[in-house]
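> Structure below; questions to follow.
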Number of protein chains: 2
Amino acid sequence: MKGFFYPTSVVVIGVSEKPTNMGRMIVNNMISKGFVGQVHAVGPTGGVILGRPIRKSVKDITFPMDLAIILTPAHIIPGLVRECGEKEIRRIVIESAGFSELSEERKALEEELLSITREYGIRFIGPNCIGLVNTENGLSTPFVSLPMQFEKGKVSVISQSGGVAMNYMDALAFEAVYFNKVTSIGNKLNVDETELLDYFVNDDDGTEIICMYLEGIMNGRRLMEVARASTKPIIVHKSGIGKAGAASAASHTGSLASDDKIVSTAFKQAGIIRVRSTGMMMDLVKIFELPPLKGRNLAIVSRSGGHGVIAADTAEHFGFNLPPFPQKDIGMIKKHVRGGVINLRNPLDLGDLFDLSIYEEIAQQILSSEHIHGMVLVHGYSEAEKEASRHFMGLVKELSEIHRKPVALCLNIDDNETAYLRRNFDFPFYKSPEDGALALNASYRTHLYREAHKMFTPYVKTVDTAPVSKILDRSKAENRNPSQAECFDILKCYDFPVPEYRSARTGEEAAGAAEAIGFPVVLKVDVPSIIHKSDIGGVIMNLNVSESVVKTFNQLQARLKSHLKKGELFSSLVMKQANLDGQEVIFGIKQDATFGPVLLFGLGGVFAELIEDVSLRVLPVDRTDVVEMIQEIRGYEALTGVRGTSPKDIDSLVDHLLSLSQLAQDFQQISEIDLNPVISYENSCLALDARFIL
Amino acid sequence: MKGFFYPTSVVVIGVSEKPTNMGRMIVNNMISKGFVGQVHAVGPTGGVILGRPIRKSVKDITFPMDLAIILTPAHIIPGLVRECGEKEIRRIVIESAGFSELSEERKALEEELLSITREYGIRFIGPNCIGLVNTENGLSTPFVSLPMQFEKGKVSVISQSGGVAMNYMDALAFEAVYFNKVTSIGNKLNVDETELLDYFVNDDDGTEIICMYLEGIMNGRRLMEVARASTKPIIVHKSGIGKAGAASAASHTGSLASDDKIVSTAFKQAGIIRVRSTGMMMDLVKIFELPPLKGRNLAIVSRSGGHGVIAADTAEHFGFNLPPFPQKDIGMIKKHVRGGVINLRNPLDLGDLFDLSIYEEIAQQILSSEHIHGMVLVHGYSEAEKEASRHFMGLVKELSEIHRKPVALCLNIDDNETAYLRRNFDFPFYKSPEDGALALNASYRTHLYREAHKMFTPYVKTVDTAPVSKILDRSKAENRNPSQAECFDILKCYDFPVPEYRSARTGEEAAGAAEAIGFPVVLKVDVPSIIHKSDIGGVIMNLNVSESVVKTFNQLQARLKSHLKKGELFSSLVMKQANLDGQEVIFGIKQDATFGPVLLFGLGGVFAELIEDVSLRVLPVDRTDVVEMIQEIRGYEALTGVRGTSPKDIDSLVDHLLSLSQLAQDFQQISEIDLNPVISYENSCLALDARFIL
């Protein structure tokens, strides 16, 4: 990737002398932003731009070039790329639109492009993008004007949209949080977000914080791997398009695990912070310029009582503590307080105190207190207190650095002072305490993640997979899903507890099976083409004697004949009737196109049906992940014993969710699994039904 | 209230020549903001300020005065107020702190103040506030400097916190949405938020939009009444302090209906928009400057594809539709589009279109389309397109006015252009499409509320209340809660269906009762001091013969003897055993200190216990309210028939929730009611247990 950001010689293709020409703007940007290398221009009409010749073709340029920027009509690009290949250019940014984002027919053009670039070993960014900006060397390929001065910062941006990339540049500059590199990746036909992220995380020293805007994700698992290993904060705005998709899923698990929920889960597991707006993105970027918040004890100090209350409100919402200030720490403060018009509680309302040197004392005492991990400081001032306030805030910055504690400084000041501070005061500040507390929460969550993640070792279970492969291969060969008996066979290979069961193709076989298993039994139709067994009355319980088994079998067979596909034989599963006196839960697996296998857990019955109270984890997981996924469902207490019900065996649920996770990883050809219900007992659990979809 | 905002002569008490004197700042603000009336100054040290004398007492001023501003140490205020009373001043703003907000001991000072003001018929604002600002006449009582120029706007502010009031003034000015009047009400010992709201809503023509910041609410019912009748939008930031309080409630309903949830419910019922941050307050204020959004069909038009996606995402989140543009409306546009690099779908990505005259055409076509109710328009430009863009936005403003449709204009522009537009372009704009879509949602909700609210007629049921009074009076006289038999007696007065029941004090009475009712019966201990009957095994079901009733009664009596209070007699309720084959629901009532009686509905069992899936309404309600409160619970489908269960009789639930609401309003001495469970059947419902707490 470094070749894209640090070329020594760049050629812009698609330049003319016309004032409305967009390639012209690229050249202009490169020059005006002071790009440190050579800039060549190519365009069919020739001419001169900014004192340099426009060549009719790259072939006419004799200097070596290592990066080409192309902005021409889409259909001529394959030819131009080939010319670049011939000239040994191995990095290209293709900014033109008019590919698959416009219509399906343009896919062929993309294929052609890919084939040529493969042939020459060319890597390219785009098409349909504004390319790259690097404040370290002045590289700036956008074809739109870049108004502000570049200041080299430490935030790098990867955006699927050029407009959002531009907006981030403006917004960061407005906050005086400067950027280091920006990439707009468009259709990401070749270079994708994860490759760039990997570069920013592992190979680019200039980047300390990474912001991304994504509409789709090319390879979710790889993205997670890179993010998991990152020590740099990664903040992503993933827009949730395509939510409607999940509605058409085949299984219960499929519909409960929507694409957007999987994205949120995956990000959380990978330590990626997900934001829902540009404003929130900016609030979070700023907090990562400060030391991390390493505990949940906050001090709130506010010049305005109301803002102290608002800050406390938000802090409570995020689960922070506002511990009282220890007597020894506030002793010094008390001495200074005039007339008793202040209450030394947390949140601290500075009320009638107007002497800023006392504020300094307070900040010093509080930030040096070992009981306090961070601070929300709300201040406001006008002209008269400008100098004193700037001095005070300078001290706060120093204290934050000395004590390695973050201070979310929230300022009520006018536009001029805001502009002054952004230019001259190298410390982030917020417009409101809500924003500050939100940002501190992200800082704390990230700290917790990094601490916890040190322990992560994916769960592995070693299983003889040969019998499982055999069953799945047979199903596949017969172009059907496994029968329930086959699903149970597979689950048993993974030590998953299921009731005793046998398959039966005649009433007599069924009776024999029941006698062998022991009464009472359940008789279930077990034919791959019949998916919703219960809905058509295909599950009969409470069979206590052989005669009823035979009779029931024959009745079922007669009644359900019409549901069979041509050539399909009627078959049933005879199953030991299980004790239902436990809590129904649901286990599931879904193979997500982006993130691979996803594990689902939820309470059964109304919880799953009506309120979709389920939790998800992208695999692999460790034991801690699975314990957390059980605890995070809203109805968790149904498992811990409420109002007369006994506590259930959560360890057993954890064990078998882990087993199921191994199965899902071993056999990714199983696209969805529903174990619904699994009954959770006091000392075990048992899957009463299983459905696998290939 | 008008007297506070339009005085002809003001006296400021607490002024000295000292540079740090805060009263001095008040006089200074009044003069510099050009207050149109007289300004007098009073302070014990005398002297001169801004060319006018500081009198030692109001008694020394011979001019008539109609508003006094007091900012002195708290303890001398009662004396000063008396002097004002003697001088026939009837409106006072008390800005000093040091009253009950500081410590409980200062309550006495407040009492003294109230007694003197009552004596003279004085109305006052404060204490502990910064008072009033009125841009119509330059009145400006804050003791802090007011930096910006006043421009007369149409937004008025009521804030419990002076700091937040100042912050709102700055934030509104920053958005170029100017304010009309601002009041900081502090401890609101006399004038409260509702009186001021009433004035702004009904008597003050200058005010068109009202913003409030509240930490507590004095009289919630009155606030709701005023808001309900308002045609001006009311936006409130209520901070959620005191959430912890609900945990200690006596009944299930008490703990499920937290204070903060009641506030949200009450606001929704009254058409008040609740915001959680200052930023959101500003976003919503701006949208109310535009015509209301009268339908859910939005057009999204964006110069950046990414922002179009983000806008669509947010719009989907709020339940808006993005209908395709009708062929006839886009016909005109298609003509103009070059080279086919644009897809005319909604959201519309303007992509490679750079000719702003085409944008104008598009805006014109879309806003005149009857299928579209409003628009999110994302635009961005730099220096080169400044003039064309300003022209385009001017046209958009005109189109919005002509077609009476709101346009949330979201601009990616630099600071200079932002500042220019705020000064010269009288149309609100947003920094991001998320903010714009959020604001449009508030506009639409407010429109819907105003439409629906025209129909609101509170439900009234006429009941002979004498027998109920008698039961409640007896309980009160005996300093106990009503027994379950008495609760059932009361419910029957309101036609509430309960199982047949009798009280019994001996085993033989119980058996006789059972025989009269018919078996099977349930026997319940029914002693006011035993609240959690089930938890101590005080409910015995499935009694089928007289002998078991006698035996069970005697066993219960013996076992629970120790639970009785001294002198309390053992008693039981014999109840016809009901059919449990229905959906358990819970009905509840809570008397809220601020809002009065609140009705609660939820599904019973795990829904109420584990996930707190309940809905609330402040009383009175109409039938529509109650239908909505049933529909809005997450588990609503459990009542409509899912997976083999039958649909329940929702009309009957509505009828009896309405009956219960009448009971709660007729007898506000009942502080909490739990009917848990009520069983909802296919054709009726039945309360199986009732508990009233006085």
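If you're wondering about the labels, chains in the structure tokens are A, B, ... by order shown, residues count from 1 in each chain, ligands from 1 in order shown.
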Return as JSON lines the residues of chain B lying at most 8 Å from chain A, together with the closest atom-to-atom pair for each and the distance in Å to one decimal, counting only C-alpha atoms, with rows in chain order and ascending residue number.


{"residue": "B:Ala97", "atom": "CA", "partner": "A:Val341", "partner_atom": "CA", "distance": 7.2}
{"residue": "B:Gly98", "atom": "CA", "partner": "A:Val341", "partner_atom": "CA", "distance": 5.9}
{"residue": "B:Leu102", "atom": "CA", "partner": "A:Val341", "partner_atom": "CA", "distance": 6.6}
{"residue": "B:Ser145", "atom": "CA", "partner": "A:Ser382", "partner_atom": "CA", "distance": 6.9}
{"residue": "B:Pro147", "atom": "CA", "partner": "A:Ser382", "partner_atom": "CA", "distance": 7.0}
{"residue": "B:Gln160", "atom": "CA", "partner": "A:Gly306", "partner_atom": "CA", "distance": 7.5}
{"residue": "B:Ser161", "atom": "CA", "partner": "A:Gly306", "partner_atom": "CA", "distance": 4.9}
{"residue": "B:Gly162", "atom": "CA", "partner": "A:Ser304", "partner_atom": "CA", "distance": 7.2}
{"residue": "B:Gly163", "atom": "CA", "partner": "A:Ser304", "partner_atom": "CA", "distance": 4.7}
{"residue": "B:Val164", "atom": "CA", "partner": "A:Gly306", "partner_atom": "CA", "distance": 5.9}
{"residue": "B:Asn167", "atom": "CA", "partner": "A:Asn412", "partner_atom": "CA", "distance": 6.2}
{"residue": "B:Asp170", "atom": "CA", "partner": "A:Asp414", "partner_atom": "CA", "distance": 7.1}
{"residue": "B:Phe174", "atom": "CA", "partner": "A:Asp415", "partner_atom": "CA", "distance": 7.7}
{"residue": "B:Glu215", "atom": "CA", "partner": "A:Gly306", "partner_atom": "CA", "distance": 7.9}
{"residue": "B:Ser239", "atom": "CA", "partner": "A:Ile310", "partner_atom": "CA", "distance": 5.9}
{"residue": "B:Gly240", "atom": "CA", "partner": "A:Asp313", "partner_atom": "CA", "distance": 6.0}
{"residue": "B:Ile241", "atom": "CA", "partner": "A:Asp313", "partner_atom": "CA", "distance": 6.3}
{"residue": "B:Ser277", "atom": "CA", "partner": "A:Glu434", "partner_atom": "CA", "distance": 6.5}
{"residue": "B:Thr278", "atom": "CA", "partner": "A:Ser432", "partner_atom": "CA", "distance": 7.1}
{"residue": "B:Gly279", "atom": "CA", "partner": "A:Ser432", "partner_atom": "CA", "distance": 7.8}
{"residue": "B:Arg303", "atom": "CA", "partner": "A:Gly163", "partner_atom": "CA", "distance": 7.7}
{"residue": "B:Ser304", "atom": "CA", "partner": "A:Gly163", "partner_atom": "CA", "distance": 4.7}
{"residue": "B:Gly305", "atom": "CA", "partner": "A:Ser161", "partner_atom": "CA", "distance": 6.6}
{"residue": "B:Gly306", "atom": "CA", "partner": "A:Ser161", "partner_atom": "CA", "distance": 4.9}
{"residue": "B:His307", "atom": "CA", "partner": "A:Val164", "partner_atom": "CA", "distance": 6.5}
{"residue": "B:Val309", "atom": "CA", "partner": "A:Ser239", "partner_atom": "CA", "distance": 7.1}
{"residue": "B:Ile310", "atom": "CA", "partner": "A:Ser239", "partner_atom": "CA", "distance": 6.0}
{"residue": "B:Asp313", "atom": "CA", "partner": "A:Gly240", "partner_atom": "CA", "distance": 6.1}
{"residue": "B:Val341", "atom": "CA", "partner": "A:Gly98", "partner_atom": "CA", "distance": 5.9}
{"residue": "B:Ile342", "atom": "CA", "partner": "A:Leu102", "partner_atom": "CA", "distance": 7.0}
{"residue": "B:Asn343", "atom": "CA", "partner": "A:Leu102", "partner_atom": "CA", "distance": 6.7}
{"residue": "B:Asp352", "atom": "CA", "partner": "A:Ala97", "partner_atom": "CA", "distance": 7.9}
{"residue": "B:Ser382", "atom": "CA", "partner": "A:Ser145", "partner_atom": "CA", "distance": 6.9}
{"residue": "B:Asn412", "atom": "CA", "partner": "A:Asn167", "partner_atom": "CA", "distance": 6.2}
{"residue": "B:Ile413", "atom": "CA", "partner": "A:Asp170", "partner_atom": "CA", "distance": 7.9}
{"residue": "B:Asp414", "atom": "CA", "partner": "A:Asp170", "partner_atom": "CA", "distance": 7.1}
{"residue": "B:Asp415", "atom": "CA", "partner": "A:Phe174", "partner_atom": "CA", "distance": 7.7}
{"residue": "B:Ser432", "atom": "CA", "partner": "A:Thr278", "partner_atom": "CA", "distance": 7.1}
{"residue": "B:Glu434", "atom": "CA", "partner": "A:Ser277", "partner_atom": "CA", "distance": 6.5}
{"residue": "B:Val606", "atom": "CA", "partner": "A:Ala638", "partner_atom": "CA", "distance": 7.6}
{"residue": "B:Leu610", "atom": "CA", "partner": "A:Gly635", "partner_atom": "CA", "distance": 5.3}
{"residue": "B:Ile611", "atom": "CA", "partner": "A:Arg634", "partner_atom": "CA", "distance": 5.9}
{"residue": "B:Arg634", "atom": "CA", "partner": "A:Ile611", "partner_atom": "CA", "distance": 6.0}
{"residue": "B:Gly635", "atom": "CA", "partner": "A:Leu610", "partner_atom": "CA", "distance": 5.3}
{"residue": "B:Tyr636", "atom": "CA", "partner": "A:Leu610", "partner_atom": "CA", "distance": 7.7}
{"residue": "B:Glu637", "atom": "CA", "partner": "A:Leu610", "partner_atom": "CA", "distance": 6.5}
{"residue": "B:Ala638", "atom": "CA", "partner": "A:Leu610", "partner_atom": "CA", "distance": 7.2}

> I want to know what sits within 8 Å of Ser57 (chain B), based on only C-alpha atoms, with residues of the same chain fewer than 5 positions away left out; could you give that as a PDB file with C-alpha atoms, in the first residue's frame?


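Wrote it out as part_26.pdb, contents follow:
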ATOM      1  CA  VAL B  42     -29.763  50.636  44.860  1.00  0.00           C
ATOM      2  CA  GLY B  43     -26.884  49.565  47.127  1.00  0.00           C
ATOM      3  CA  PRO B  44     -25.883  50.260  50.753  1.00  0.00           C
TER       4      PRO B  44
END

> Name all residues at most 8 Å from Ile13 (chain B) (count only C-alpha atoms; drop same-chain ones fewer than 5 positions away) and give them as JSON, numbers by chain.

{"B": [23, 41, 42, 43, 58, 68, 69, 70, 71, 72]}

> Could you pull out all residues of region 176-326 of chain A with a DSSP call of helix (DSSP H, G or I) and give them as an NGL selection string?

:A and (193-203 or 220-228 or 243-248 or 252-256 or 259-270 or 278-287 or 305-317)

> Measuring atom to atom with only C-alpha atoms, identify which of B:Phe150, B:Phe63, B:Phe601, B:Phe288 is nearest to Ile586 (chain B).

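Among B:Phe150, B:Phe63, B:Phe601, B:Phe288, it is B:Phe601 that comes nearest to Ile586 (chain B).
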
> Give the answer as one residue: which of A:Glu88, A:Glu151, A:Glu289, A:Glu478 has the shortest atom-to-atom distance to Lys405 (chain A), using only C-alpha atoms?

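Going through A:Glu88, A:Glu151, A:Glu289, A:Glu478 one by one, the smallest distance to Lys405 (chain A) is for A:Glu289.
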
> Using only C-alpha atoms, find the one residue out of A:Ile372, A:Ile531, A:Ile76, A:Val12 that sits nearest to Pro326 (chain A).

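Among the listed residues, A:Ile372 lies closest to Pro326 (chain A).
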
> As an NGL selection string, please: the residues near Glu225 (chain B) (cut-off 12 Å, only C-alpha atoms, same-chain neighbours under 5 positions excluded).

:B and (194-195 or 197-198 or 201 or 219-220 or 230 or 266-267 or 269-272 or 595 or 618-620)

> Using only C-alpha atoms, determine which residues lie at most 9 Å from Gly582 (chain B), disregarding the query and same-chain residues fewer than 2 positions distant; provide the list as a list in words.

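Contacts, with the query itself left out: Asn579, Leu580, Glu584, Thr645, Ser646, Lys648, Ile679, Ser680, Tyr681, Glu682 and Cys685 of chain B.
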
> Name the residues of region 373-583 of chain B that come out as strand (DSSP E) in a backbone DSSP run; write them as a VMD selection string.

chain B and resid 374 to 380 407 to 412 429 to 430 501 to 504 521 to 525 539 to 543 572 to 576 583

> Counting only C-alpha atoms, which residue out of B:Leu448, B:Ala513, B:Val11, B:Leu290 sits closest to Pro406 (chain B)?

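Closest to Pro406 (chain B), using only C-alpha atoms: B:Leu290.
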
> Any idea what the distance is between CA of Lys286 (chain B) and CA of Leu395 (chain B)?

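Distance between the two atoms: 18.7 Å.
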
> Excluding same-chain residues fewer than 4 positions from Ser264 (chain A), what lies within 8 Å of it counting only C-alpha atoms, as a compact mmCIF listing (two decimals) with N, CA and C atoms, in the first residue's frame?


# COMPACT_ATOMS: atom_id res chain seq x y z
N ASP A 260 -27.40 -6.29 9.84
CA ASP A 260 -26.93 -5.14 10.60
C ASP A 260 -26.55 -5.52 12.03
N LYS A 268 -18.03 -5.14 17.70
CA LYS A 268 -17.80 -5.20 19.15
C LYS A 268 -16.74 -6.26 19.46
N ARG A 274 -18.43 1.50 16.67
CA ARG A 274 -19.37 1.83 15.60
C ARG A 274 -20.08 3.13 15.94

> Please measure the separation of CA of Gln38 (chain A) and CA of Lys154 (chain A), giving the value in Å to one decimal.

25.3 Å

> Could you please determine the separation between CA of His391 (chain B) and CA of Arg24 (chain A) in Å, to one decimal place?

26.0 Å
